[in-house]
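Shown next: target-v6.txt, containing compact mmCIF, C-alpha atoms.
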```txt
# COMPACT_ATOMS: atom_id res chain seq x y z
CA VAL A 1 -31.70 -8.86 -61.10
CA GLU A 2 -29.37 -6.98 -63.39
CA PHE A 3 -30.55 -3.70 -61.82
CA TRP A 4 -29.84 -4.91 -58.29
CA VAL A 5 -26.48 -6.27 -59.37
CA ARG A 6 -25.57 -2.84 -60.75
CA CYS A 7 -26.78 -1.20 -57.51
CA LEU A 8 -24.74 -3.62 -55.43
CA GLY A 9 -21.70 -3.05 -57.62
CA GLY A 10 -22.09 0.72 -57.24
CA LEU A 11 -22.44 0.38 -53.49
CA LEU A 12 -19.39 -1.85 -53.20
CA PHE A 13 -17.38 0.56 -55.35
CA ARG A 14 -18.54 3.45 -53.17
CA ILE A 15 -17.45 1.61 -50.04
CA TYR A 16 -14.11 0.83 -51.68
CA GLU A 17 -13.70 4.45 -52.79
CA VAL A 18 -14.44 5.80 -49.28
CA ASP A 19 -12.08 3.23 -47.74
CA VAL A 20 -9.24 4.11 -50.13
CA TRP A 21 -9.73 7.84 -49.55
CA SER A 22 -9.93 7.46 -45.76
CA THR A 23 -6.78 5.33 -45.73
CA ALA A 24 -4.90 7.91 -47.82
CA ALA A 25 -6.16 10.76 -45.66
CA LYS A 26 -5.22 9.02 -42.40
CA LYS A 27 -1.80 8.10 -43.77
CA THR A 28 -1.17 11.72 -44.80
CA LEU A 29 -2.36 13.04 -41.43
CA ASP A 30 -0.28 10.60 -39.38
CA ARG A 31 2.83 11.15 -41.50
CA SER A 32 2.59 14.94 -41.36
CA MET A 33 1.46 15.45 -37.75
CA GLY A 34 4.07 13.06 -36.40
CA ALA A 35 6.95 14.58 -38.35
CA ALA A 36 9.50 17.06 -37.07
CA ALA A 37 9.48 20.67 -38.24
CA GLY A 38 11.20 21.11 -41.59
CA SER A 39 10.97 17.43 -42.53
CA PRO A 40 9.84 16.32 -46.03
CA GLN A 41 6.76 14.65 -44.53
CA LYS A 42 5.29 18.08 -43.80
CA ARG A 43 5.57 19.15 -47.44
CA CYS A 44 2.21 17.66 -48.25
CA PHE A 45 0.14 20.71 -49.09
CA GLU A 46 -0.60 19.59 -52.66
CA ASP A 47 -1.51 16.08 -51.49
CA VAL A 48 -3.95 17.46 -48.92
CA LEU A 49 -5.43 19.87 -51.45
CA TYR A 50 -6.01 16.96 -53.83
CA LEU A 51 -7.64 14.88 -51.09
CA LEU A 52 -10.02 17.71 -50.16
CA LYS A 53 -10.95 18.45 -53.77
CA TYR A 54 -11.54 14.76 -54.46
CA SER A 55 -13.70 14.34 -51.36
CA GLU A 56 -15.72 17.41 -52.29
CA LEU A 57 -16.16 16.21 -55.88
CA LYS A 58 -17.24 12.72 -54.80
CA GLY A 59 -19.23 13.87 -51.79
CA LEU A 60 -17.04 11.94 -49.37
CA ASP A 61 -17.31 12.80 -45.71
CA GLY A 62 -16.08 11.52 -42.38
CA ALA A 63 -13.85 12.09 -39.38
CA ASN A 64 -10.63 12.23 -41.40
CA ARG A 65 -11.98 14.89 -43.75
CA GLN A 66 -13.12 16.99 -40.79
CA LYS A 67 -9.75 16.60 -39.13
CA ILE A 68 -7.93 17.65 -42.29
CA GLU A 69 -10.19 20.68 -42.67
CA ASP A 70 -9.57 21.62 -39.03
CA GLU A 71 -5.80 21.36 -39.52
CA VAL A 72 -5.98 23.46 -42.69
CA THR A 73 -7.98 26.12 -40.81
CA LYS A 74 -5.42 26.15 -37.97
CA PHE A 75 -2.63 26.47 -40.52
CA ASN A 76 -4.32 29.37 -42.35
CA ASP A 77 -5.02 31.21 -39.08
CA TRP A 78 -1.42 30.78 -37.92
CA VAL A 79 0.02 32.00 -41.22
CA GLU A 80 -2.30 35.03 -41.19
CA LYS A 81 -1.15 35.97 -37.68
CA ALA A 82 2.49 35.49 -38.71
CA ASN A 83 2.07 37.70 -41.78
CA ARG A 84 0.46 40.42 -39.67
CA MET A 85 3.45 40.33 -37.35
CA ARG A 86 5.83 40.45 -40.28
CA ARG A 87 4.00 43.55 -41.50
CA ARG A 88 4.38 44.90 -37.96
CA GLU A 89 0.68 45.74 -37.70
CA ARG A 90 -0.23 47.67 -34.58
CA GLY A 91 -0.94 45.42 -31.61
CA ARG A 92 0.06 42.24 -33.45
CA LEU A 93 3.61 41.77 -32.18
CA LEU A 94 4.07 39.23 -29.38
CA MET A 95 6.29 39.34 -26.32
CA VAL A 96 9.27 36.98 -26.38
CA ASP A 97 7.66 34.20 -24.31
CA ASP A 98 4.45 34.39 -26.34
CA LEU A 99 6.43 34.37 -29.59
CA LYS A 100 8.23 31.24 -28.41
CA VAL A 101 4.87 29.49 -27.88
CA PHE A 102 3.65 30.79 -31.25
CA CYS A 103 6.70 29.37 -33.04
CA LYS A 104 6.26 26.03 -31.25
CA THR A 105 2.65 25.92 -32.46
CA GLY A 106 3.85 26.66 -36.00
CA GLU A 107 6.27 23.74 -35.85
CA GLN A 108 3.38 21.42 -34.91
CA LEU A 109 1.18 22.44 -37.85
CA MET A 110 0.32 20.02 -40.60
CA PHE A 111 2.39 21.85 -43.20
CA ASP A 112 5.86 23.30 -43.17
CA VAL A 113 6.21 26.61 -45.01
CA PRO A 114 9.04 29.20 -45.09
CA VAL A 115 7.19 31.59 -42.78
CA VAL A 116 7.57 29.09 -39.90
CA GLY A 117 11.33 29.27 -40.24
CA GLU A 118 11.19 33.04 -40.62
CA MET A 119 9.31 33.40 -37.32
CA ARG A 120 11.85 31.13 -35.60
CA ALA A 121 14.57 33.42 -36.96
CA GLU A 122 12.76 36.47 -35.52
CA LEU A 123 12.58 34.74 -32.13
CA LYS A 124 16.30 34.05 -32.29
CA LYS A 125 16.98 37.71 -33.15
CA ALA A 126 14.86 38.85 -30.21
CA LYS A 127 16.66 36.56 -27.75
CA ASN A 128 20.04 37.68 -29.05
CA TRP A 129 19.00 41.34 -28.79
CA ILE A 130 17.91 40.88 -25.15
CA SER A 131 21.19 39.10 -24.33
CA ARG A 132 23.14 42.00 -25.79
CA LEU A 133 21.01 44.44 -23.79
CA HIS A 134 21.81 42.61 -20.55
CA ALA A 135 25.50 42.52 -21.52
CA THR A 136 25.61 46.34 -21.55
CA GLY A 137 25.23 46.33 -17.78
CA ILE A 138 21.87 48.07 -17.80
CA GLU A 139 20.66 46.10 -14.78
CA LYS A 140 23.71 47.18 -12.77
CA GLY A 141 23.47 50.79 -13.89
CA THR A 142 26.83 50.63 -15.67
CA ALA A 143 25.59 50.70 -19.27
CA LEU A 144 26.84 53.42 -21.60
CA SER A 145 24.11 55.51 -23.22
CA SER A 146 25.78 55.10 -26.62
CA ASP A 147 25.62 51.30 -26.36
CA LEU A 148 21.97 51.38 -25.35
CA LEU A 149 20.91 53.83 -28.05
CA GLU A 150 22.55 51.64 -30.70
CA LEU A 151 20.14 48.85 -29.81
CA LEU A 152 16.94 50.84 -30.39
CA PRO A 153 16.95 50.83 -34.23
CA GLU A 154 17.57 47.07 -34.21
CA ALA A 155 14.56 46.50 -31.95
CA GLU A 156 12.34 48.31 -34.44
CA ALA A 157 13.36 45.84 -37.16
CA ILE A 158 12.59 42.68 -35.14
CA CYS A 159 9.10 41.15 -35.38
CA CYS A 160 8.74 40.88 -31.63
CA ASN A 161 7.29 43.16 -28.96
CA LEU A 162 10.37 44.58 -27.23
CA SER A 163 8.61 47.74 -26.05
CA THR A 164 9.22 47.03 -22.35
CA TYR A 165 12.95 46.79 -22.92
CA CYS A 166 12.95 49.87 -25.17
CA SER A 167 11.07 51.85 -22.51
CA THR A 168 13.77 50.89 -20.02
CA ILE A 169 16.43 52.09 -22.47
CA HIS A 170 14.62 55.40 -22.98
CA ALA A 171 14.29 55.90 -19.23
CA THR A 172 17.92 54.99 -18.67
CA THR A 173 19.31 57.25 -21.39
CA LYS A 174 17.06 60.21 -20.62
CA SER A 175 18.85 63.12 -18.98
CA TYR A 176 17.73 64.32 -15.55
CA CYS A 177 18.78 66.82 -12.94
CA LEU A 178 21.03 69.84 -13.40
CA CYS A 179 23.90 67.48 -14.16
CA ARG A 180 21.91 66.04 -17.10
CA GLN A 181 22.82 62.46 -16.23
CA ALA A 182 20.70 59.32 -16.21
CA TYR A 183 18.14 58.38 -13.59
CA PHE A 184 19.94 56.58 -10.78
CA GLY A 185 20.27 56.50 -7.02
CA LEU A 186 18.14 58.66 -4.74
CA MET A 187 15.94 60.96 -6.83
CA ILE A 188 13.52 63.74 -5.87
CA GLY A 189 10.82 65.19 -8.12
CA CYS A 190 9.90 68.84 -8.49
CA ASP A 191 6.20 69.44 -7.86
CA HIS A 192 6.12 72.30 -10.36
CA CYS A 193 8.03 71.19 -13.48
CA ASP A 194 7.78 67.43 -12.86
CA ASP A 195 11.48 66.99 -13.57
CA TRP A 196 13.59 64.67 -11.42
CA PHE A 197 16.84 65.48 -9.67
CA HIS A 198 19.58 63.52 -7.94
CA ALA A 199 19.25 64.26 -4.24
CA PRO A 200 23.04 64.57 -3.74
CA CYS A 201 23.23 67.12 -6.58
CA MET A 202 20.61 69.19 -4.77
CA GLY A 203 22.40 68.83 -1.42
CA ILE A 204 19.49 66.81 -0.02
CA GLY A 205 20.02 63.86 2.27
CA LYS A 206 18.02 60.62 2.26
CA LEU A 207 15.93 61.53 5.32
CA GLU A 208 14.98 64.93 3.93
CA ALA A 209 14.16 63.46 0.51
CA GLU A 210 11.88 60.87 2.06
CA THR A 211 10.05 63.30 4.35
CA VAL A 212 9.75 66.45 2.21
CA ASP A 213 6.11 67.22 1.41
CA LYS A 214 6.62 69.38 -1.66
CA TYR A 215 9.85 70.16 -3.46
CA THR A 216 10.62 73.08 -5.75
CA CYS A 217 13.79 72.83 -7.82
CA PHE A 218 16.28 75.68 -8.27
CA ARG A 219 15.03 76.50 -11.75
CA CYS A 220 11.41 76.78 -10.64
CA GLN A 221 12.46 78.82 -7.59
CA ILE A 222 14.28 81.27 -9.87
CA GLU A 223 11.39 81.37 -12.34
CA ARG A 224 8.82 81.95 -9.60
CA SER A 225 11.00 84.66 -7.99
CA PHE A 226 11.39 86.35 -11.38
CA ASN A 227 7.65 86.21 -12.09
CA SER A 228 6.91 87.58 -8.61
CA ALA A 229 9.41 90.43 -9.14
CA CYS A 230 7.82 91.27 -12.52
CA THR A 231 4.36 91.31 -10.96
CA THR A 232 5.57 93.61 -8.19
CA ALA A 233 7.35 95.90 -10.66
CA ALA A 234 4.20 96.15 -12.77
CA THR A 235 2.29 97.56 -9.81
CA LEU A 236 4.80 100.36 -9.14
```

What does the file become when written as structure tokens?
Amino acid sequence: VEFWVRCLGGLLFRIYEVDVWSTAAKKTLDRSMGAAAGSPQKRCFEDVLYLLKYSELKGLDGANRQKIEDEVTKFNDWVEKANRMRRRERGRLLMVDDLKVFCKTGEQLMFDVPVVGEMRAELKKAKNWISRLHATGIEKGTALSSDLLELLPEAEAICCNLSTYCSTIHATTKSYCLCRQAYFGLMIGCDHCDDWFHAPCMGIGKLEAETVDKYTCFRCQIERSFNSACTTAATL
């Protein structure tokens, strides 16, 4: 009888132990997952670590332990991705819209850590940078090259993929034609040097530019004439 009493006591204690742990785990989960980003309720990393270590030591298992482990895995994966972006590893930076979603996911994690706020700050920098780019008048073709070029170094320091915008800046500030101005208006490309020229600068109208089969710019015409003259002179 004494043996069975001890067995029953051990079983009852085990049930009590599992119930207490499950209640604590559920309370921690509900408090953390339902809290807003940056709130004290999300600063529960040590509590969760204790719960997991205790459950492992005592061999406790169940839905709450699995859920906690899943949330910890999600958290670790998110932080790893964030750190790779902060290190600006090749191919790891996200476009603005994707970074916005990534930050939102970070705010919904079980824990709140400084890197979540840092990524929100990077998103804010990226949005501000894009607003300043639009303010230069680049979409209207009125932006000054100096204003655009000033933005490029800043883009390199932001943990966000702004390559599309930077490519637009490079294309806008690149010099074309004999006038060495930006790409704008009606342009025509040389089929020999692959440079582009403003049709008005070349004295070409819209109809001619649209119907010409092959175009050779003045520089290539001069170069080809010179090469032809040299070839002819060599045969004399």

Using all atoms listed in the file, the residue out of A:Ser131, A:Thr28, A:Thr73, A:Asn83 with shortest distance to Cys159 (chain A) is A:Asn83

What separates CA of Lys206 (chain A) and CA of Ala143 (chain A) is a distance of 24.9 Å

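Considering only C-alpha atoms, the residue among A:Asp30, A:Cys103, A:Pro153, A:Arg65 positioned nearest to Gly117 (chain A) is A:Cys103.
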
note - CA of Ser167 (chain A) and CA of Cys190 (chain A) are separated by 22.1 Å

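Comparing A:His170, A:Ile204, A:Arg180, A:Asn161 by their smallest distance to Val96 (chain A), the closest is A:Asn161 (using only C-alpha atoms).
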
Would you be able to write out as number ranges by chain which residues have an atom within 12 Å of (5.4, 67.9, -12.8) in the file's coordinates, counting all atoms listed in the file?
A: 188-196, 214-217, 220

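Taking only C-alpha atoms into account, Ser175 (chain A) lies nearest to A:His198 out of the set A:Lys81, A:Tyr16, A:His198, A:Ala35.
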
Find the nearest atom pair between each residue of region 111-164 of chain A and region 36-60 of chain A for residues within 8 Å, count only C-alpha atoms, give distances in Å to one decimal, sort rows by chain and ascending number, and present the table as CSV.
```
residue,atom,partner,partner_atom,distance
A:Phe111,CA,A:Lys42,CA,4.8
A:Asp112,CA,A:Lys42,CA,5.3
A:Val113,CA,A:Arg43,CA,7.9
```

Atoms to include: C-alpha atoms. Write the selected residues as a short mmCIF file (atom, residue, chain, number, x, y, z; two decimals), in the coordinates of the input.
```
data_model
loop_
_atom_site.label_atom_id
_atom_site.label_comp_id
_atom_site.auth_asym_id
_atom_site.auth_seq_id
_atom_site.Cartn_x
_atom_site.Cartn_y
_atom_site.Cartn_z
CA PHE A 111 2.39 21.85 -43.20
CA ASP A 112 5.86 23.30 -43.17
CA VAL A 113 6.21 26.61 -45.01
#
```
